[in-house]
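As stored in data_9.cif (mmCIF, C-alpha atoms):
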data_model
loop_
_atom_site.group_PDB
_atom_site.id
_atom_site.type_symbol
_atom_site.label_atom_id
_atom_site.label_comp_id
_atom_site.auth_asym_id
_atom_site.auth_seq_id
_atom_site.Cartn_x
_atom_site.Cartn_y
_atom_site.Cartn_z
ATOM 1 C CA MET A 1 41.839 -196.377 -75.377
ATOM 2 C CA THR A 2 41.221 -199.731 -76.989
ATOM 3 C CA GLN A 3 40.005 -202.352 -74.507
ATOM 4 C CA LEU A 4 41.816 -205.677 -74.512
ATOM 5 C CA SER A 5 40.043 -209.006 -74.399
ATOM 6 C CA HIS A 6 41.766 -211.734 -72.411
ATOM 7 C CA PHE A 7 42.399 -215.443 -72.605
ATOM 8 C CA VAL A 8 42.372 -217.149 -69.204
ATOM 9 C CA GLU A 9 42.961 -220.774 -68.298
ATOM 10 C CA SER A 10 43.239 -222.203 -64.782
ATOM 11 C CA VAL A 11 44.323 -225.717 -63.933
ATOM 12 C CA SER A 12 44.598 -227.422 -60.542
ATOM 13 C CA VAL A 13 46.861 -230.467 -60.298
ATOM 14 C CA ASP A 14 47.223 -232.863 -57.376
ATOM 15 C CA GLY A 15 50.718 -232.640 -55.943
ATOM 16 C CA ALA A 16 51.008 -236.421 -55.803
ATOM 17 C CA ASP A 17 50.914 -236.570 -59.601
ATOM 18 C CA PHE A 18 54.263 -234.947 -60.406
ATOM 19 C CA ASP A 19 57.708 -234.175 -58.967
ATOM 20 C CA ALA A 20 59.137 -231.767 -61.547
ATOM 21 C CA LEU A 21 57.862 -228.802 -63.544
ATOM 22 C CA GLN A 22 59.101 -227.641 -66.962
ATOM 23 C CA ILE A 23 57.788 -224.464 -68.625
ATOM 24 C CA SER A 24 58.597 -223.587 -72.245
ATOM 25 C CA THR A 25 57.401 -221.078 -74.827
ATOM 26 C CA SER A 26 57.664 -220.683 -78.591
ATOM 27 C CA GLY A 27 56.544 -218.127 -81.167
ATOM 28 C CA SER A 28 56.375 -214.320 -81.012
ATOM 29 C CA GLY A 29 55.282 -213.511 -77.504
ATOM 30 C CA SER A 30 56.450 -212.461 -74.061
ATOM 31 C CA THR A 31 55.768 -214.679 -71.037
ATOM 32 C CA ARG A 32 56.161 -213.704 -67.394
ATOM 33 C CA THR A 33 56.216 -216.515 -64.862
ATOM 34 C CA GLU A 34 55.708 -216.083 -61.124
ATOM 35 C CA VAL A 35 55.930 -219.003 -58.702
ATOM 36 C CA LEU A 36 54.382 -218.564 -55.262
ATOM 37 C CA ARG A 37 54.265 -220.589 -52.063
ATOM 38 C CA GLY A 38 50.812 -221.992 -51.240
ATOM 39 C CA ASP A 39 48.967 -224.341 -48.885
ATOM 40 C CA GLY A 40 47.219 -227.652 -49.341
ATOM 41 C CA THR A 41 48.031 -230.525 -51.673
ATOM 42 C CA HIS A 42 47.305 -229.057 -55.102
ATOM 43 C CA ALA A 43 49.345 -226.928 -57.485
ATOM 44 C CA THR A 44 47.394 -224.156 -59.202
ATOM 45 C CA PHE A 45 48.294 -222.822 -62.655
ATOM 46 C CA CYS A 46 46.699 -219.623 -63.948
ATOM 47 C CA VAL A 47 47.564 -218.571 -67.505
ATOM 48 C CA LYS A 48 46.289 -215.125 -68.518
ATOM 49 C CA ALA A 49 46.990 -213.475 -71.857
ATOM 50 C CA ASP A 50 45.831 -210.558 -73.955
ATOM 51 C CA LYS A 51 43.920 -212.315 -76.703
ATOM 52 C CA ALA A 52 45.291 -210.344 -79.665
ATOM 53 C CA THR A 53 44.397 -211.922 -83.024
ATOM 54 C CA ASN A 54 44.496 -215.452 -81.697
ATOM 55 C CA ALA A 55 44.874 -216.746 -78.165
ATOM 56 C CA PRO A 56 48.064 -218.690 -77.435
ATOM 57 C CA LYS A 57 47.772 -222.443 -77.298
ATOM 58 C CA VAL A 58 48.441 -223.748 -73.794
ATOM 59 C CA THR A 59 49.167 -227.446 -73.321
ATOM 60 C CA PHE A 60 49.814 -229.532 -70.233
ATOM 61 C CA ASN A 61 51.251 -233.031 -70.381
ATOM 62 C CA GLN A 62 53.056 -235.400 -68.050
ATOM 63 C CA ASP A 63 55.862 -237.772 -68.995
ATOM 64 C CA GLN A 64 56.972 -241.067 -67.521
ATOM 65 C CA HIS A 65 59.504 -239.265 -65.302
ATOM 66 C CA ARG A 66 56.707 -237.537 -63.341
ATOM 67 C CA THR A 67 57.505 -234.214 -64.973
ATOM 68 C CA LEU A 68 54.583 -231.878 -65.660
ATOM 69 C CA ARG A 69 55.222 -229.817 -68.801
ATOM 70 C CA LEU A 70 53.493 -226.532 -69.575
ATOM 71 C CA HIS A 71 54.031 -225.152 -73.082
ATOM 72 C CA ILE A 72 52.763 -221.845 -74.482
ATOM 73 C CA GLN A 73 52.669 -221.642 -78.294
ATOM 74 C CA TYR A 74 52.113 -218.183 -79.746
ATOM 75 C CA PRO A 75 50.556 -218.021 -83.230
ATOM 76 C CA GLU A 76 52.636 -216.547 -85.992
ATOM 77 C CA ASP A 77 50.331 -213.520 -86.339
ATOM 78 C CA SER A 78 50.369 -212.622 -82.644
ATOM 79 C CA LYS A 79 51.661 -209.093 -83.345
ATOM 80 C CA ARG A 80 48.985 -206.440 -83.810
ATOM 81 C CA GLN A 81 48.441 -202.753 -84.316
ATOM 82 C CA GLN A 82 47.248 -200.917 -81.188
ATOM 83 C CA ASP A 83 47.120 -197.442 -79.740
ATOM 84 C CA VAL A 84 48.000 -198.469 -76.199
ATOM 85 C CA SER A 85 48.689 -196.044 -73.376
ATOM 86 C CA GLN A 86 48.321 -198.434 -70.451
ATOM 87 C CA LEU A 87 48.053 -202.193 -70.177
ATOM 88 C CA HIS A 88 47.454 -204.140 -66.946
ATOM 89 C CA ILE A 89 47.811 -207.892 -66.728
ATOM 90 C CA LEU A 90 47.270 -209.641 -63.389
ATOM 91 C CA PRO A 91 47.404 -206.275 -61.573
ATOM 92 C CA THR A 92 47.754 -207.937 -58.165
ATOM 93 C CA ILE A 93 51.124 -209.271 -59.305
ATOM 94 C CA TYR A 94 52.295 -207.103 -62.178
ATOM 95 C CA SER A 95 51.598 -203.682 -63.636
ATOM 96 C CA PHE A 96 53.043 -202.779 -67.031
ATOM 97 C CA PHE A 97 52.958 -199.434 -68.791
ATOM 98 C CA PHE A 98 53.543 -198.553 -72.432
ATOM 99 C CA SER A 99 53.841 -195.070 -73.917
ATOM 100 C CA ASP A 100 51.269 -193.894 -76.425
ATOM 101 C CA SER A 101 52.286 -195.179 -79.838
ATOM 102 C CA PRO A 102 49.523 -194.951 -82.469
ATOM 103 C CA GLY A 103 50.120 -197.560 -85.121
ATOM 104 C CA GLY A 104 52.915 -199.154 -83.153
ATOM 105 C CA LYS A 105 53.352 -202.886 -82.690
ATOM 106 C CA LEU A 106 52.774 -204.649 -79.394
ATOM 107 C CA VAL A 107 53.927 -208.216 -78.939
ATOM 108 C CA GLN A 108 51.381 -210.545 -77.383
ATOM 109 C CA GLU A 109 51.982 -211.099 -73.668
ATOM 110 C CA THR A 110 51.098 -213.855 -71.249
ATOM 111 C CA ASP A 111 51.325 -214.174 -67.473
ATOM 112 C CA VAL A 112 51.689 -217.554 -65.809
ATOM 113 C CA SER A 113 50.976 -217.583 -62.066
ATOM 114 C CA ILE A 114 51.827 -220.843 -60.295
ATOM 115 C CA THR A 115 51.120 -221.714 -56.673
ATOM 116 C CA LEU A 116 53.125 -224.627 -55.270
ATOM 117 C CA PRO A 117 52.377 -225.895 -51.760
ATOM 118 C CA TYR A 118 55.226 -228.395 -51.682
ATOM 119 C CA GLU A 119 58.841 -228.974 -52.714
ATOM 120 C CA LEU A 120 59.600 -229.920 -56.322
ATOM 121 C CA GLU A 121 62.297 -232.306 -57.444
ATOM 122 C CA ASN A 122 63.159 -230.203 -60.536
ATOM 123 C CA PHE A 123 62.027 -226.840 -61.890
ATOM 124 C CA GLY A 124 62.780 -225.414 -65.332
ATOM 125 C CA VAL A 125 61.774 -222.452 -67.505
ATOM 126 C CA GLN A 126 62.914 -221.923 -71.084
ATOM 127 C CA GLY A 127 61.697 -219.167 -73.399
ATOM 128 C CA ASN A 128 62.551 -216.400 -75.833
ATOM 129 C CA VAL A 129 61.175 -213.220 -74.223
ATOM 130 C CA GLY A 130 59.844 -213.022 -70.689
ATOM 131 C CA SER A 131 60.660 -213.115 -67.010
ATOM 132 C CA CYS A 132 60.683 -215.548 -64.122
ATOM 133 C CA LYS A 133 60.014 -214.552 -60.519
ATOM 134 C CA TRP A 134 60.402 -217.172 -57.762
ATOM 135 C CA ASP A 135 58.743 -216.756 -54.374
ATOM 136 C CA ALA A 136 57.989 -220.388 -53.532
ATOM 137 C CA GLY A 137 59.634 -223.268 -51.645
ATOM 138 C CA ASN A 138 62.775 -225.284 -52.256
ATOM 139 C CA VAL A 139 63.764 -227.579 -55.108
ATOM 140 C CA GLU A 140 65.358 -230.918 -54.307
ATOM 141 C CA ASN A 141 67.585 -231.276 -57.350
ATOM 142 C CA SER A 142 67.737 -228.911 -60.350
ATOM 143 C CA PHE A 143 66.596 -225.271 -60.633
ATOM 144 C CA LYS A 144 67.101 -224.056 -64.211
ATOM 145 C CA VAL A 145 65.938 -220.908 -66.032
ATOM 146 C CA ASP A 146 67.097 -220.064 -69.566
ATOM 147 C CA LEU A 147 65.765 -216.913 -71.291
ATOM 148 C CA SER A 148 66.837 -215.071 -74.426
ATOM 149 C CA VAL A 149 65.542 -211.650 -73.324
ATOM 150 C CA GLY A 150 64.138 -210.860 -69.905
ATOM 151 C CA SER A 151 64.847 -211.108 -66.195
ATOM 152 C CA ILE A 152 65.280 -213.793 -63.546
ATOM 153 C CA LYS A 153 64.535 -212.926 -59.942
ATOM 154 C CA THR A 154 64.188 -214.841 -56.673
ATOM 155 C CA VAL A 155 62.695 -212.967 -53.733
ATOM 156 C CA SER A 156 62.688 -215.706 -51.078
ATOM 157 C CA PRO A 157 65.468 -218.075 -49.925
ATOM 158 C CA LEU A 158 65.869 -221.050 -52.249
ATOM 159 C CA THR A 159 67.682 -224.332 -51.601
ATOM 160 C CA CYS A 160 68.566 -226.838 -54.333
ATOM 161 C CA ALA A 161 71.365 -229.141 -55.440
ATOM 162 C CA ASN A 162 72.173 -227.484 -58.783
ATOM 163 C CA ALA A 163 71.221 -224.050 -60.107
ATOM 164 C CA SER A 164 71.613 -222.772 -63.663
ATOM 165 C CA LEU A 165 70.404 -219.250 -64.512
ATOM 166 C CA SER A 166 71.026 -217.835 -67.969
ATOM 167 C CA VAL A 167 69.797 -214.827 -69.958
ATOM 168 C CA ASN A 168 71.168 -213.418 -73.208
ATOM 169 C CA VAL A 169 69.927 -209.870 -72.598
ATOM 170 C CA GLY A 170 68.585 -209.008 -69.163
ATOM 171 C CA SER A 171 69.332 -209.314 -65.467
ATOM 172 C CA ILE A 172 69.674 -211.968 -62.773
ATOM 173 C CA GLN A 173 68.825 -211.042 -59.160
ATOM 174 C CA VAL A 174 68.992 -213.668 -56.429
ATOM 175 C CA ALA A 175 67.860 -212.907 -52.875
ATOM 176 C CA GLU A 176 69.495 -216.012 -51.369
ATOM 177 C CA LEU A 177 70.344 -219.330 -52.971
ATOM 178 C CA THR A 178 71.934 -222.318 -51.218
ATOM 179 C CA ALA A 179 73.184 -225.011 -53.585
ATOM 180 C CA SER A 180 74.786 -228.204 -52.314
ATOM 181 C CA ASN A 181 76.625 -228.828 -55.571
ATOM 182 C CA MET A 182 76.863 -226.429 -58.525
ATOM 183 C CA VAL A 183 75.861 -222.890 -59.507
ATOM 184 C CA GLU A 184 76.059 -221.561 -63.075
ATOM 185 C CA LEU A 185 75.196 -217.923 -63.870
ATOM 186 C CA LYS A 186 75.415 -216.256 -67.263
ATOM 187 C CA ALA A 187 74.241 -212.942 -68.726
ATOM 188 C CA ASP A 188 75.595 -212.001 -72.153
ATOM 189 C CA VAL A 189 74.383 -208.417 -71.700
ATOM 190 C CA GLY A 190 73.181 -207.529 -68.222
ATOM 191 C CA GLU A 191 73.913 -207.605 -64.513
ATOM 192 C CA ILE A 192 74.119 -210.470 -62.036
ATOM 193 C CA GLN A 193 73.536 -209.834 -58.334
ATOM 194 C CA GLY A 194 72.932 -212.094 -55.383
ATOM 195 C CA LEU A 195 73.822 -214.106 -52.302
ATOM 196 C CA PHE A 196 75.008 -217.685 -52.827
ATOM 197 C CA LYS A 197 75.844 -220.275 -50.181
ATOM 198 C CA GLY A 198 77.101 -223.821 -49.788
ATOM 199 C CA TYR A 199 78.152 -224.564 -53.358
ATOM 200 C CA LYS A 200 81.066 -226.770 -54.396
ATOM 201 C CA SER A 201 81.566 -225.062 -57.744
ATOM 202 C CA MET A 202 80.455 -221.739 -59.231
ATOM 203 C CA ASP A 203 80.881 -220.288 -62.708
ATOM 204 C CA ALA A 204 79.478 -216.759 -63.127
ATOM 205 C CA GLU A 205 79.970 -214.749 -66.306
ATOM 206 C CA THR A 206 78.780 -211.532 -67.935
ATOM 207 C CA GLY A 207 79.778 -210.341 -71.385
ATOM 208 C CA VAL A 208 78.736 -206.709 -70.989
ATOM 209 C CA GLY A 209 77.532 -205.857 -67.493
ATOM 210 C CA SER A 210 78.570 -206.275 -63.896
ATOM 211 C CA LEU A 211 78.850 -208.931 -61.197
ATOM 212 C CA ASP A 212 77.947 -208.032 -57.613
ATOM 213 C CA LEU A 213 78.037 -211.177 -55.468
ATOM 214 C CA THR A 214 78.200 -212.255 -51.838
ATOM 215 C CA LEU A 215 79.563 -215.790 -51.611
ATOM 216 C CA HIS A 216 79.718 -218.459 -48.897
ATOM 217 C CA PRO A 217 81.275 -221.453 -50.693
ATOM 218 C CA SER A 218 81.468 -224.856 -49.048
ATOM 219 C CA SER A 219 84.567 -225.476 -46.985
ATOM 220 C CA PRO A 220 87.294 -226.500 -47.332
ATOM 221 C CA PHE A 221 87.129 -227.444 -51.027
ATOM 222 C CA SER A 222 85.320 -225.294 -53.576
ATOM 223 C CA ASP A 223 86.017 -223.905 -57.045
ATOM 224 C CA THR A 224 84.813 -220.432 -58.064
ATOM 225 C CA ILE A 225 85.295 -218.610 -61.360
ATOM 226 C CA LEU A 226 83.977 -215.065 -61.945
ATOM 227 C CA ARG A 227 84.379 -213.476 -65.382
ATOM 228 C CA CYS A 228 83.335 -210.173 -66.922
ATOM 229 C CA GLY A 229 84.148 -208.958 -70.433
ATOM 230 C CA THR A 230 83.183 -205.300 -70.127
ATOM 231 C CA GLY A 231 82.086 -204.098 -66.708
ATOM 232 C CA SER A 232 82.997 -204.422 -63.055
ATOM 233 C CA ILE A 233 83.220 -207.288 -60.572
ATOM 234 C CA ALA A 234 82.613 -206.934 -56.830
ATOM 235 C CA ALA A 235 82.748 -210.049 -54.661
ATOM 236 C CA LYS A 236 82.585 -210.537 -50.902
ATOM 237 C CA VAL A 237 83.711 -214.053 -50.002
ATOM 238 C CA PHE A 238 83.206 -215.714 -46.616
ATOM 239 C CA GLY A 239 84.882 -218.851 -45.257
ATOM 240 C CA PHE A 240 87.084 -219.596 -48.263
ATOM 241 C CA HIS A 241 90.447 -221.326 -47.781
ATOM 242 C CA GLY A 242 92.791 -221.903 -50.669
ATOM 243 C CA LYS A 243 94.515 -220.265 -53.622
ATOM 244 C CA PHE A 244 93.175 -217.366 -55.660
ATOM 245 C CA HIS A 245 94.079 -215.559 -58.866
ATOM 246 C CA ALA A 246 92.734 -212.116 -59.848
ATOM 247 C CA GLU A 247 93.281 -210.323 -63.146
ATOM 248 C CA THR A 248 92.081 -207.170 -64.891
ATOM 249 C CA GLY A 249 92.784 -206.197 -68.489
ATOM 250 C CA LEU A 250 92.243 -202.463 -68.179
ATOM 251 C CA GLY A 251 90.620 -201.363 -64.906
ATOM 252 C CA GLY A 252 91.919 -201.335 -61.352
ATOM 253 C CA LEU A 253 92.136 -204.260 -58.946
ATOM 254 C CA ARG A 254 91.705 -204.426 -55.167
ATOM 255 C CA VAL A 255 92.121 -207.575 -53.070
ATOM 256 C CA SER A 256 91.835 -207.755 -49.277
ATOM 257 C CA GLY A 257 91.683 -210.456 -46.612
ATOM 258 C CA HIS A 258 94.341 -212.716 -48.104
ATOM 259 C CA ALA A 259 97.500 -213.970 -46.422
ATOM 260 C CA GLY A 260 100.217 -211.357 -46.777
ATOM 261 C CA ASP A 261 101.183 -207.817 -45.903
ATOM 262 C CA GLY A 262 97.835 -206.139 -46.400
ATOM 263 C CA PRO A 263 95.420 -205.257 -49.215
ATOM 264 C CA PHE A 264 96.634 -205.303 -52.797
ATOM 265 C CA LYS A 265 95.709 -202.239 -54.850
ATOM 266 C CA SER A 266 96.308 -201.326 -58.463
ATOM 267 C CA LEU A 267 94.819 -198.428 -60.419
ATOM 268 C CA GLY A 268 95.422 -200.079 -63.775
ATOM 269 C CA ALA A 269 95.638 -203.529 -65.319
ATOM 270 C CA ALA A 270 96.895 -206.097 -62.821
ATOM 271 C CA ASN A 271 97.625 -209.775 -62.334
ATOM 272 C CA PHE A 272 97.784 -210.979 -58.745
ATOM 273 C CA SER A 273 97.776 -214.387 -57.043
ATOM 274 C CA GLY A 274 97.873 -215.452 -53.422
ATOM 275 C CA TRP A 275 96.460 -217.558 -50.619
ATOM 276 C CA VAL A 276 93.652 -217.226 -48.138
ATOM 277 C CA ALA A 277 94.381 -218.739 -44.714
ATOM 278 C CA ARG A 278 97.514 -220.931 -44.600
ATOM 279 C CA LYS A 279 99.734 -221.014 -47.675
ATOM 280 C CA ASN A 280 100.275 -224.325 -49.474
ATOM 281 C CA VAL A 281 97.584 -226.049 -47.417
ATOM 282 C CA ALA A 282 95.024 -228.040 -49.406
ATOM 283 C CA GLY A 283 91.918 -225.993 -50.093
ATOM 284 C CA GLY A 284 89.789 -224.586 -52.872
ATOM 285 C CA SER A 285 90.466 -222.329 -55.841
ATOM 286 C CA PHE A 286 89.091 -218.894 -56.669
ATOM 287 C CA GLY A 287 89.548 -217.077 -59.977
ATOM 288 C CA ILE A 288 88.406 -213.637 -61.080
ATOM 289 C CA HIS A 289 88.917 -211.966 -64.470
ATOM 290 C CA ALA A 290 87.687 -208.542 -65.608
ATOM 291 C CA GLY A 291 88.526 -207.601 -69.185
ATOM 292 C CA LEU A 292 87.550 -203.936 -69.593
ATOM 293 C CA GLY A 293 86.652 -202.938 -66.068
ATOM 294 C CA SER A 294 87.652 -202.992 -62.422
ATOM 295 C CA ALA A 295 87.516 -205.791 -59.860
ATOM 296 C CA LYS A 296 87.189 -205.777 -56.078
ATOM 297 C CA LEU A 297 87.670 -208.980 -54.105
ATOM 298 C CA ASP A 298 87.212 -209.073 -50.315
ATOM 299 C CA PHE A 299 87.890 -212.284 -48.348
ATOM 300 C CA HIS A 300 86.364 -212.667 -44.887
ATOM 301 C CA PRO A 301 86.805 -215.411 -42.249
#
Rewrite the coordinates I just gave you, this time as structure tokens.
Amino acid sequence: MTQLSHFVESVSVDGADFDALQISTSGSGSTRTEVLRGDGTHATFCVKADKATNAPKVTFNQDQHRTLRLHIQYPEDSKRQQDVSQLHILPTIYSFFFSDSPGGKLVQETDVSITLPYELENFGVQGNVGSCKWDAGNVENSFKVDLSVGSIKTVSPLTCANASLSVNVGSIQVAELTASNMVELKADVGEIQGLFKGYKSMDAETGVGSLDLTLHPSSPFSDTILRCGTGSIAAKVFGFHGKFHAETGLGGLRVSGHAGDGPFKSLGAANFSGWVARKNVAGGSFGIHAGLGSAKLDFHP
């Protein structure tokens, strides 16, 4: 098996020097980002890549808004021919496996491991192909991840004001996120799963895929919209008061916990509206729409 040479760069930055972190990538490469909780007063950045033809260019810079920006630029010729049966990058964090493919192409890959011992004001990741895994502290204001292809995953509770998670092709998995203001979730092709608390507004959408959410919106006023083009929606909602509307274009619909004579059930396309708690009393709004698929909506006190 061909041995891979590696490009490694480590940077330690004093936490007093910045409040926000922005990570971006460009070129033909895949970047996996993992953010961990640490101790002390410094943030540690470790960038590790398979060298391929040319190592990626890694730049750090800080703007006047106290935002530290990390950018990874892949060279145009970063694709190469390799007979690769197994590739390990940062084995203590990740382990990746590729089938034997003599003469096949392997896109250059980079891991970014970040240790943050303190709370950030803003955090952002934007890239073409890659993943983002969050296992660090809270973010005061904005938590934003936008990927074309890949996955977004949080494994520890996260608190912020606004959260925006978006992937064109891939998945979004959230262990627990508490947002004091807004949550936006979007997967064009893929699944969205998670536990969300405290928000005032939520907009979650999949084009092809499923939504599986547990929601604790702020009370009494909150606005929630869940949409799925092709796939299913399952939502458990706690503490919501107000009006709801649920609709399916083809699949069945089940709604429980609303004011009325018991659960609503339909095996086919359905359009159903109602109230949770007292009818015609000021409260929030909740909307759910499944185009080609089923929907299940359970309201709990």
Atom CA of Gly27 of chain A and atom CA of Pro75 of chain A are how many Å apart?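 Rounded to one decimal, the two atoms are 6.3 Å apart.
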Let me make sure I understand: among A:Ser171, A:Ser266, A:Ser166, A:Ser219, which one has the smallest atom-to-atom distance to Ala204 of chain A if we use all atoms listed in the file? A:Ser166
Name all residues at most 10 Å from Gly242 of chain A (count all atoms listed in the file; drop same-chain ones fewer than 3 positions away) and give them as a list of chain:residue names.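 Listing them by chain and then by number gives A:Ser219, A:Pro220, A:Phe221, A:Ser222, A:Asp223, A:His258, A:Gly274, A:Trp275, A:Val276, A:Ala277, A:Arg278, A:Lys279, A:Asn280, A:Val281, A:Ala282, A:Gly283, A:Gly284, A:Ser285, A:Phe286.
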Written as an MDAnalysis selection string, what is the full residue list that the PyMOL selection byres ((chain A and resi 245) around 8) yields on the file shown? chainID A and resid 243:244 246:247 271:274 286:288
Between atom CA of Gly127 of chain A and atom CA of Lys186 of chain A, distance in Å (one decimal):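 A separation of 15.3 Å between them.
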Could you work out how far atom CA of Leu36 of chain A lies from atom CA of Pro56 of chain A, giving the answer in Å with one decimal?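 Straight-line distance from atom CA of Pro56 of chain A to atom CA of Leu36 of chain A works out to 23.1 Å.
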Name the residues in contact with segment 187-192 of chain A at a cut-off of 7 Å, using all atoms listed in the file, excluding same-chain residues fewer than 6 positions from it; report them as a PyMOL selection string. chain A and resi 166-173+205-212
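Using only C-alpha atoms, the smallest distance between any of A:Phe264, A:Gly257, A:Phe240, A:Thr33 and Val145 of chain A comes from A:Thr33.
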Fewer than 2 positions away in the same chain doesn't count, so skip those; otherwise give me all residues within 6 Å of Ala136 of chain A, counting only C-alpha atoms, as a ChimeraX atom specification. /A:35-37,134
Generate a file of the selected residues that holds C-alpha atoms, formatted as a PDB file, in the coordinates of the input.
ATOM      1  CA  VAL A  35      55.930-219.003 -58.702  1.00  0.00           C
ATOM      2  CA  LEU A  36      54.382-218.564 -55.262  1.00  0.00           C
ATOM      3  CA  ARG A  37      54.265-220.589 -52.063  1.00  0.00           C
ATOM      4  CA  TRP A 134      60.402-217.172 -57.762  1.00  0.00           C
TER       5      TRP A 134
END
Matched chain/residue IDs from the PyMOL selection byres ((chain A and resi 21) around 8), as an MDAnalysis selection string: chainID A and resid 18:20 22:23 67:70 120 122:124
With a distance cut-off of 9 Å and all atoms listed in the file, select the neighbouring residues of Pro157 of chain A, excluding the residue or stretch itself and same-chain residues fewer than 2 positions from it, and output the selection as a PDB file with C-alpha atoms, in the coordinates of the input.
ATOM      1  CA  ASP A 135      58.743-216.756 -54.374  1.00  0.00           C
ATOM      2  CA  ALA A 136      57.989-220.388 -53.532  1.00  0.00           C
ATOM      3  CA  GLY A 137      59.634-223.268 -51.645  1.00  0.00           C
ATOM      4  CA  ASN A 138      62.775-225.284 -52.256  1.00  0.00           C
ATOM      5  CA  THR A 154      64.188-214.841 -56.673  1.00  0.00           C
ATOM      6  CA  VAL A 155      62.695-212.967 -53.733  1.00  0.00           C
ATOM      7  CA  THR A 159      67.682-224.332 -51.601  1.00  0.00           C
ATOM      8  CA  VAL A 174      68.992-213.668 -56.429  1.00  0.00           C
ATOM      9  CA  ALA A 175      67.860-212.907 -52.875  1.00  0.00           C
ATOM     10  CA  GLU A 176      69.495-216.012 -51.369  1.00  0.00           C
ATOM     11  CA  LEU A 177      70.344-219.330 -52.971  1.00  0.00           C
ATOM     12  CA  THR A 178      71.934-222.318 -51.218  1.00  0.00           C
TER      13      THR A 178
END
